[in-house]
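Single-structure report; data block below.
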Amino acid sequence: MGPLVSEEQLNRVLGFLEAGKADGAKTVVGGNRIGDRGYFVEPTILTGARPGMKVVDEEIFGPVVCAMPFDELDQVATQMNQTTYGLAGAVWTKDVSKAHRMARAMKAGTVWINCYNIFDAALPFGGYKQSGWGREMGREALELYTEVKSVCLKM
């Protein structure tokens, strides 16, 4: 686990953790800054989080996971897709069929199955909803450099 990108991001992540606690989430592990030099935050697991909490509804961009129980897979996709963000997500399961079903249901630009943070220059990267427009990398990135024109002529 590396450092966060800046002091501003460090304070932002720590603010999310404080907001989660204030809203009733419990820290199972982590939740603190590491040392007084650099921008390190302990990997953190929160429980008791639910939709409507800042730690669930917003993009933290820090080492924080909200562990939320569920009964049905459809419930997971519905809750996930209710956020205004959709950069990336991951599915962890031994059942490949369930993994692909979840990947289809998730409104996210990248879905990892049984892995996380894997990138390849041939794969497009970008989010859905308020997590970004367009794609970086891959063939789709070339679209950023094109201008498409439609011309209609009535004969």
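We name chains A, B, ... following the order of the structure tokens; residues begin at 1 in each chain, and ligands are numbered from 1 as shown.
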For this session: Mind listing the helix (DSSP H, G or I) residues of range 69-107 of chain A, per DSSP on the backbone, as number ranges by chain?
Result: A: 73-81, 96-105
For this session: Quick one: everything within 9 Å of range 28-32 of chain A, counting only C-alpha atoms, minus sequence neighbours fewer than 2 positions away in the same chain. Send it as a ChimeraX atom specification.
Result: /A:14,17-18,26,34,40-47,64
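Using only C-alpha atoms for every distance, the candidate list A:Ala103, A:Cys66, A:Met1, A:Ile60 yields A:Cys66 as the residue closest to Thr27 in chain A.
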Exercise. Between A:Lys154, A:Lys98, A:Arg139, A:Arg12, which one has atoms that come closest to Leu73 in chain A, using only C-alpha atoms?
Worked result: A:Lys98
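Computed from the coordinates, the CA of Gln9 in chain A to CA of Glu59 in chain A distance equals 11.7 Å.
Our summary of the geometry notes that CA of Leu144 in chain A is positioned 15.5 Å from CA of Ala122 in chain A.
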For this session: Find the spatial neighbours of range 50-56 of chain A, counting only C-alpha atoms, within a cut-off of 10 Å - ignore same-chain residues fewer than 4 positions away - and output them as a ChimeraX atom specification.
Result: /A:13,15-25,46,60,64-69,79-80,82-83
Please produce an output containing N, CA, C and O atoms for each residue in the selection, written as a tab-separated table (two decimals), in the first residue's frame.
```tsv
chain	number	residue	atom	x	y	z
A	13	VAL	N	-9.43	11.86	2.80
A	13	VAL	CA	-9.69	10.48	3.21
A	13	VAL	C	-9.96	10.41	4.71
A	13	VAL	O	-10.92	9.75	5.15
A	15	GLY	N	-11.16	12.73	6.51
A	15	GLY	CA	-12.48	13.33	6.69
A	15	GLY	C	-13.61	12.34	6.40
A	15	GLY	O	-14.62	12.31	7.10
A	16	PHE	N	-13.41	11.52	5.35
A	16	PHE	CA	-14.39	10.47	5.06
A	16	PHE	C	-14.51	9.50	6.23
A	16	PHE	O	-15.61	9.09	6.60
A	17	LEU	N	-13.37	9.12	6.80
A	17	LEU	CA	-13.40	8.17	7.92
A	17	LEU	C	-14.11	8.77	9.12
A	17	LEU	O	-14.88	8.08	9.79
A	18	GLU	N	-13.88	10.04	9.39
A	18	GLU	CA	-14.57	10.71	10.49
A	18	GLU	C	-16.07	10.79	10.22
A	18	GLU	O	-16.89	10.55	11.10
A	19	ALA	N	-16.44	11.11	8.97
A	19	ALA	CA	-17.86	11.18	8.60
A	19	ALA	C	-18.52	9.82	8.75
A	19	ALA	O	-19.66	9.72	9.22
A	20	GLY	N	-17.80	8.75	8.36
A	20	GLY	CA	-18.34	7.40	8.51
A	20	GLY	C	-18.62	7.07	9.96
A	20	GLY	O	-19.69	6.54	10.30
A	21	LYS	N	-17.67	7.39	10.84
A	21	LYS	CA	-17.86	7.15	12.28
A	21	LYS	C	-19.05	7.95	12.80
A	21	LYS	O	-19.87	7.44	13.55
A	22	ALA	N	-19.13	9.22	12.40
A	22	ALA	CA	-20.22	10.09	12.86
A	22	ALA	C	-21.59	9.56	12.41
A	22	ALA	O	-22.58	9.73	13.11
A	23	ASP	N	-21.61	8.90	11.25
A	23	ASP	CA	-22.86	8.35	10.72
A	23	ASP	C	-23.18	6.96	11.25
A	23	ASP	O	-24.20	6.38	10.90
A	24	GLY	N	-22.29	6.39	12.07
A	24	GLY	CA	-22.57	5.10	12.69
A	24	GLY	C	-21.77	3.92	12.16
A	24	GLY	O	-21.95	2.80	12.63
A	25	ALA	N	-20.89	4.14	11.20
A	25	ALA	CA	-20.04	3.05	10.72
A	25	ALA	C	-18.99	2.72	11.78
A	25	ALA	O	-18.56	3.60	12.53
A	46	LEU	N	-14.62	-0.76	7.08
A	46	LEU	CA	-15.74	-0.24	7.85
A	46	LEU	C	-16.93	-1.19	7.76
A	46	LEU	O	-17.20	-1.74	6.69
A	60	ILE	N	-13.99	7.77	-2.44
A	60	ILE	CA	-13.04	8.11	-1.41
A	60	ILE	C	-11.62	8.25	-1.97
A	60	ILE	O	-10.85	9.09	-1.55
A	64	VAL	N	-9.95	2.34	1.67
A	64	VAL	CA	-11.11	2.15	2.53
A	64	VAL	C	-12.12	1.23	1.84
A	64	VAL	O	-12.43	1.42	0.67
A	65	VAL	N	-12.61	0.24	2.58
A	65	VAL	CA	-13.64	-0.67	2.09
A	65	VAL	C	-14.79	-0.64	3.09
A	65	VAL	O	-14.58	-0.72	4.29
A	66	CYS	N	-16.01	-0.52	2.57
A	66	CYS	CA	-17.20	-0.65	3.39
A	66	CYS	C	-17.73	-2.06	3.18
A	66	CYS	O	-18.20	-2.39	2.08
A	67	ALA	N	-17.63	-2.90	4.18
A	67	ALA	CA	-18.12	-4.28	4.10
A	67	ALA	C	-19.59	-4.27	4.48
A	67	ALA	O	-19.94	-3.99	5.63
A	68	MET	N	-20.44	-4.55	3.50
A	68	MET	CA	-21.88	-4.48	3.71
A	68	MET	C	-22.50	-5.84	3.37
A	68	MET	O	-22.34	-6.32	2.25
A	69	PRO	N	-23.21	-6.45	4.32
A	69	PRO	CA	-23.82	-7.76	4.05
A	69	PRO	C	-24.98	-7.64	3.07
A	69	PRO	O	-25.57	-6.57	2.91
A	79	GLN	N	-27.99	-1.49	-5.12
A	79	GLN	CA	-27.38	-0.52	-4.20
A	79	GLN	C	-26.18	0.16	-4.85
A	79	GLN	O	-26.00	1.38	-4.74
A	80	MET	N	-25.34	-0.61	-5.51
A	80	MET	CA	-24.16	-0.05	-6.13
A	80	MET	C	-24.53	0.97	-7.20
A	80	MET	O	-23.93	2.04	-7.29
A	82	GLN	N	-27.05	2.83	-7.44
A	82	GLN	CA	-27.77	4.02	-6.97
A	82	GLN	C	-26.84	5.21	-6.74
A	82	GLN	O	-27.29	6.33	-6.63
A	83	THR	N	-25.54	4.97	-6.68
A	83	THR	CA	-24.62	6.09	-6.50
A	83	THR	C	-24.51	6.86	-7.80
A	83	THR	O	-24.84	6.36	-8.87
```
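Residue nearest Gly126 in chain A within the list A:Leu87, A:Ala141, A:Ala105, A:Ile113: A:Leu87 [criterion: smallest interatomic distance, only C-alpha atoms].
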For this session: Skip Thr84 in chain A itself and residues of its chain fewer than 4 positions away, then list as number ranges by chain all residues within 10 Å of it, counting only C-alpha atoms.
Result: A: 57-59, 80, 107, 128-131
File of the preceding selection, all heavy atoms, as a short mmCIF file (atom, residue, chain, number, x, y, z; two decimals), in the first residue's frame:
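As written to disk, result_20.cif reads:
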```
data_model
loop_
_atom_site.label_atom_id
_atom_site.label_comp_id
_atom_site.auth_asym_id
_atom_site.auth_seq_id
_atom_site.Cartn_x
_atom_site.Cartn_y
_atom_site.Cartn_z
N ASP A 57 -21.66 6.52 -0.55
CA ASP A 57 -22.18 7.19 -1.74
C ASP A 57 -21.15 7.97 -2.55
O ASP A 57 -21.41 8.34 -3.69
CB ASP A 57 -23.30 8.15 -1.35
CG ASP A 57 -24.53 7.43 -0.85
OD1 ASP A 57 -24.62 6.19 -1.00
OD2 ASP A 57 -25.42 8.10 -0.28
N GLU A 58 -19.98 8.25 -1.98
CA GLU A 58 -18.99 9.07 -2.68
C GLU A 58 -17.71 8.30 -2.94
O GLU A 58 -17.43 7.29 -2.31
CB GLU A 58 -18.72 10.34 -1.88
CG GLU A 58 -19.96 11.22 -1.76
CD GLU A 58 -19.66 12.57 -1.13
OE1 GLU A 58 -18.53 13.07 -1.27
OE2 GLU A 58 -20.58 13.11 -0.49
N GLU A 59 -16.91 8.83 -3.87
CA GLU A 59 -15.62 8.21 -4.20
C GLU A 59 -14.57 8.69 -3.20
O GLU A 59 -14.26 9.87 -3.14
CB GLU A 59 -15.20 8.60 -5.62
CG GLU A 59 -16.11 8.02 -6.68
CD GLU A 59 -15.76 8.48 -8.08
OE1 GLU A 59 -15.54 9.69 -8.28
OE2 GLU A 59 -15.69 7.62 -8.97
N MET A 80 -25.34 -0.61 -5.51
CA MET A 80 -24.16 -0.05 -6.13
C MET A 80 -24.53 0.97 -7.20
O MET A 80 -23.93 2.04 -7.29
CB MET A 80 -23.31 -1.15 -6.74
CG MET A 80 -21.97 -0.67 -7.23
SD MET A 80 -21.27 -1.80 -8.39
CE MET A 80 -21.70 -0.97 -9.89
N LYS A 107 -22.93 -0.72 -13.19
CA LYS A 107 -22.73 0.46 -14.02
C LYS A 107 -21.39 1.08 -13.63
O LYS A 107 -21.33 2.05 -12.87
CB LYS A 107 -23.88 1.44 -13.83
CG LYS A 107 -25.19 0.92 -14.36
CD LYS A 107 -26.32 1.90 -14.15
CE LYS A 107 -27.62 1.31 -14.62
NZ LYS A 107 -28.77 2.12 -14.21
N TYR A 128 -18.33 5.65 -15.55
CA TYR A 128 -19.71 5.92 -15.92
C TYR A 128 -20.21 7.05 -15.03
O TYR A 128 -19.62 7.36 -14.00
CB TYR A 128 -20.59 4.69 -15.66
CG TYR A 128 -20.47 3.56 -16.66
CD1 TYR A 128 -19.37 3.40 -17.48
CD2 TYR A 128 -21.46 2.61 -16.75
CE1 TYR A 128 -19.27 2.34 -18.38
CE2 TYR A 128 -21.39 1.55 -17.64
CZ TYR A 128 -20.28 1.44 -18.45
OH TYR A 128 -20.20 0.39 -19.33
N LYS A 129 -21.32 7.60 -15.39
CA LYS A 129 -22.01 8.63 -14.61
C LYS A 129 -21.04 9.77 -14.29
O LYS A 129 -20.34 10.24 -15.18
CB LYS A 129 -22.67 8.02 -13.38
CG LYS A 129 -23.66 6.89 -13.73
CD LYS A 129 -24.34 6.31 -12.52
CE LYS A 129 -23.55 5.16 -11.95
NZ LYS A 129 -24.22 4.52 -10.84
N GLN A 130 -20.96 10.20 -13.04
CA GLN A 130 -20.09 11.33 -12.69
C GLN A 130 -18.63 10.93 -12.47
O GLN A 130 -17.84 11.73 -11.99
CB GLN A 130 -20.64 12.04 -11.45
CG GLN A 130 -21.92 12.79 -11.73
CD GLN A 130 -22.35 13.63 -10.55
OE1 GLN A 130 -21.55 14.06 -9.73
NE2 GLN A 130 -23.65 13.88 -10.46
N SER A 131 -18.28 9.73 -12.84
CA SER A 131 -16.89 9.28 -12.71
C SER A 131 -16.09 9.51 -13.98
O SER A 131 -15.00 8.99 -14.13
CB SER A 131 -16.85 7.80 -12.33
OG SER A 131 -17.27 7.63 -11.01
#
```
Give me the residues near Asn114 in chain A as a compact mmCIF listing (two decimals) with N, CA, C and O atoms, in the first residue's frame, where near means some atom within 10 Å (using only C-alpha atoms) and where sequence neighbours in that chain fewer than 3 positions away do not count.
```
# COMPACT_ATOMS: atom_id res chain seq x y z
N ALA A 90 -15.19 -4.37 -8.27
CA ALA A 90 -14.63 -5.72 -8.31
C ALA A 90 -15.63 -6.72 -7.77
O ALA A 90 -16.45 -6.39 -6.91
N VAL A 91 -15.55 -7.93 -8.30
CA VAL A 91 -16.38 -9.04 -7.86
C VAL A 91 -15.42 -10.16 -7.43
O VAL A 91 -14.50 -10.51 -8.17
N TRP A 92 -15.66 -10.69 -6.26
CA TRP A 92 -14.84 -11.79 -5.76
C TRP A 92 -15.74 -13.00 -5.55
O TRP A 92 -16.64 -12.97 -4.70
N THR A 93 -15.53 -14.05 -6.31
CA THR A 93 -16.35 -15.25 -6.19
C THR A 93 -15.68 -16.41 -6.91
O THR A 93 -14.86 -16.22 -7.80
N LYS A 94 -16.05 -17.63 -6.52
CA LYS A 94 -15.60 -18.83 -7.23
C LYS A 94 -16.53 -19.16 -8.39
O LYS A 94 -16.19 -19.94 -9.26
N VAL A 96 -18.01 -18.33 -11.68
CA VAL A 96 -17.75 -17.47 -12.83
C VAL A 96 -19.05 -16.95 -13.44
O VAL A 96 -19.12 -15.79 -13.89
N ALA A 99 -20.13 -14.08 -11.41
CA ALA A 99 -19.22 -12.96 -11.64
C ALA A 99 -19.60 -12.21 -12.90
O ALA A 99 -19.67 -10.97 -12.91
N VAL A 111 -14.64 -3.41 -14.48
CA VAL A 111 -15.01 -4.40 -13.47
C VAL A 111 -13.92 -5.46 -13.45
O VAL A 111 -13.60 -6.05 -14.48
```
Quick one: residues within 10 Å of range 134-137 of chain A, only C-alpha atoms counted, chain neighbours fewer than 5 positions away excluded, as a PDB file with N, CA, C and O atoms, in the first residue's frame?
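out-v8.pdb written:
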```
ATOM      1  N   GLY A 109     -17.173   1.634 -15.307  1.00  0.00           N
ATOM      2  CA  GLY A 109     -16.334   1.599 -16.494  1.00  0.00           C
ATOM      3  C   GLY A 109     -15.383   0.426 -16.534  1.00  0.00           C
ATOM      4  O   GLY A 109     -15.030  -0.061 -17.603  1.00  0.00           O
ATOM      5  N   PHE A 119      -4.287  -3.088 -14.985  1.00  0.00           N
ATOM      6  CA  PHE A 119      -4.409  -2.208 -16.134  1.00  0.00           C
ATOM      7  C   PHE A 119      -3.566  -2.738 -17.282  1.00  0.00           C
ATOM      8  O   PHE A 119      -2.525  -3.349 -17.073  1.00  0.00           O
ATOM      9  N   ASP A 120      -4.018  -2.481 -18.474  1.00  0.00           N
ATOM     10  CA  ASP A 120      -3.297  -2.842 -19.680  1.00  0.00           C
ATOM     11  C   ASP A 120      -3.575  -1.741 -20.698  1.00  0.00           C
ATOM     12  O   ASP A 120      -4.713  -1.282 -20.809  1.00  0.00           O
ATOM     13  N   ALA A 121      -2.551  -1.336 -21.438  1.00  0.00           N
ATOM     14  CA  ALA A 121      -2.709  -0.237 -22.396  1.00  0.00           C
ATOM     15  C   ALA A 121      -3.752  -0.538 -23.466  1.00  0.00           C
ATOM     16  O   ALA A 121      -4.293   0.377 -24.084  1.00  0.00           O
ATOM     17  N   ALA A 122      -4.048  -1.823 -23.696  1.00  0.00           N
ATOM     18  CA  ALA A 122      -5.044  -2.190 -24.707  1.00  0.00           C
ATOM     19  C   ALA A 122      -6.473  -2.104 -24.175  1.00  0.00           C
ATOM     20  O   ALA A 122      -7.424  -2.136 -24.953  1.00  0.00           O
ATOM     21  N   LEU A 123      -6.632  -1.981 -22.870  1.00  0.00           N
ATOM     22  CA  LEU A 123      -7.971  -1.917 -22.268  1.00  0.00           C
ATOM     23  C   LEU A 123      -8.375  -0.469 -22.032  1.00  0.00           C
ATOM     24  O   LEU A 123      -7.628   0.288 -21.410  1.00  0.00           O
ATOM     25  N   PRO A 124      -9.560  -0.067 -22.496  1.00  0.00           N
ATOM     26  CA  PRO A 124     -10.010   1.301 -22.234  1.00  0.00           C
ATOM     27  C   PRO A 124     -10.286   1.484 -20.748  1.00  0.00           C
ATOM     28  O   PRO A 124     -10.711   0.558 -20.062  1.00  0.00           O
ATOM     29  N   PHE A 125     -10.007   2.682 -20.239  1.00  0.00           N
ATOM     30  CA  PHE A 125     -10.263   2.986 -18.842  1.00  0.00           C
ATOM     31  C   PHE A 125     -11.018   4.298 -18.753  1.00  0.00           C
ATOM     32  O   PHE A 125     -10.631   5.297 -19.363  1.00  0.00           O
ATOM     33  N   GLY A 126     -12.083   4.314 -17.988  1.00  0.00           N
ATOM     34  CA  GLY A 126     -12.879   5.508 -17.747  1.00  0.00           C
ATOM     35  C   GLY A 126     -14.152   5.115 -17.030  1.00  0.00           C
ATOM     36  O   GLY A 126     -14.510   3.941 -16.983  1.00  0.00           O
ATOM     37  N   GLY A 127     -14.814   6.092 -16.440  1.00  0.00           N
ATOM     38  CA  GLY A 127     -15.969   5.787 -15.615  1.00  0.00           C
ATOM     39  C   GLY A 127     -17.305   6.017 -16.280  1.00  0.00           C
ATOM     40  O   GLY A 127     -17.390   6.484 -17.407  1.00  0.00           O
ATOM     41  N   TYR A 128     -18.331   5.654 -15.553  1.00  0.00           N
ATOM     42  CA  TYR A 128     -19.713   5.915 -15.925  1.00  0.00           C
ATOM     43  C   TYR A 128     -20.214   7.048 -15.027  1.00  0.00           C
ATOM     44  O   TYR A 128     -19.625   7.363 -14.001  1.00  0.00           O
ATOM     45  N   LEU A 142      -8.627   6.745 -28.944  1.00  0.00           N
ATOM     46  CA  LEU A 142      -8.421   7.456 -30.205  1.00  0.00           C
ATOM     47  C   LEU A 142      -9.613   8.330 -30.566  1.00  0.00           C
ATOM     48  O   LEU A 142      -9.475   9.325 -31.286  1.00  0.00           O
ATOM     49  N   GLU A 143     -10.790   7.980 -30.069  1.00  0.00           N
ATOM     50  CA  GLU A 143     -11.981   8.777 -30.348  1.00  0.00           C
ATOM     51  C   GLU A 143     -11.849  10.207 -29.825  1.00  0.00           C
ATOM     52  O   GLU A 143     -12.487  11.118 -30.328  1.00  0.00           O
ATOM     53  N   LEU A 144     -10.996  10.414 -28.809  1.00  0.00           N
ATOM     54  CA  LEU A 144     -10.782  11.755 -28.273  1.00  0.00           C
ATOM     55  C   LEU A 144     -10.098  12.666 -29.296  1.00  0.00           C
ATOM     56  O   LEU A 144     -10.139  13.883 -29.181  1.00  0.00           O
TER      57      LEU A 144
END
```
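Note that CA of Gly89 in chain A and CA of Leu10 in chain A are 21.9 Å apart.
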For this session: Taking the chain letters and numbering used in this document, name the residues of range 54-147 of chain A that DSSP puts in strand (DSSP E or B), as a list in words.
Result: Val64, Val65, Cys66, Tyr85, Gly86, Ala88, Gly89, Ala90, Val91, Thr110, Val111, Trp112, Ile113, Phe125, Tyr128, Lys129 and Glu136 of chain A
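Of the residues listed (A:Gly132, A:Val5, A:Pro63, A:Phe70), A:Val5 shows the shortest atom-to-atom separation from Gly38 in chain A; distances use only C-alpha atoms.
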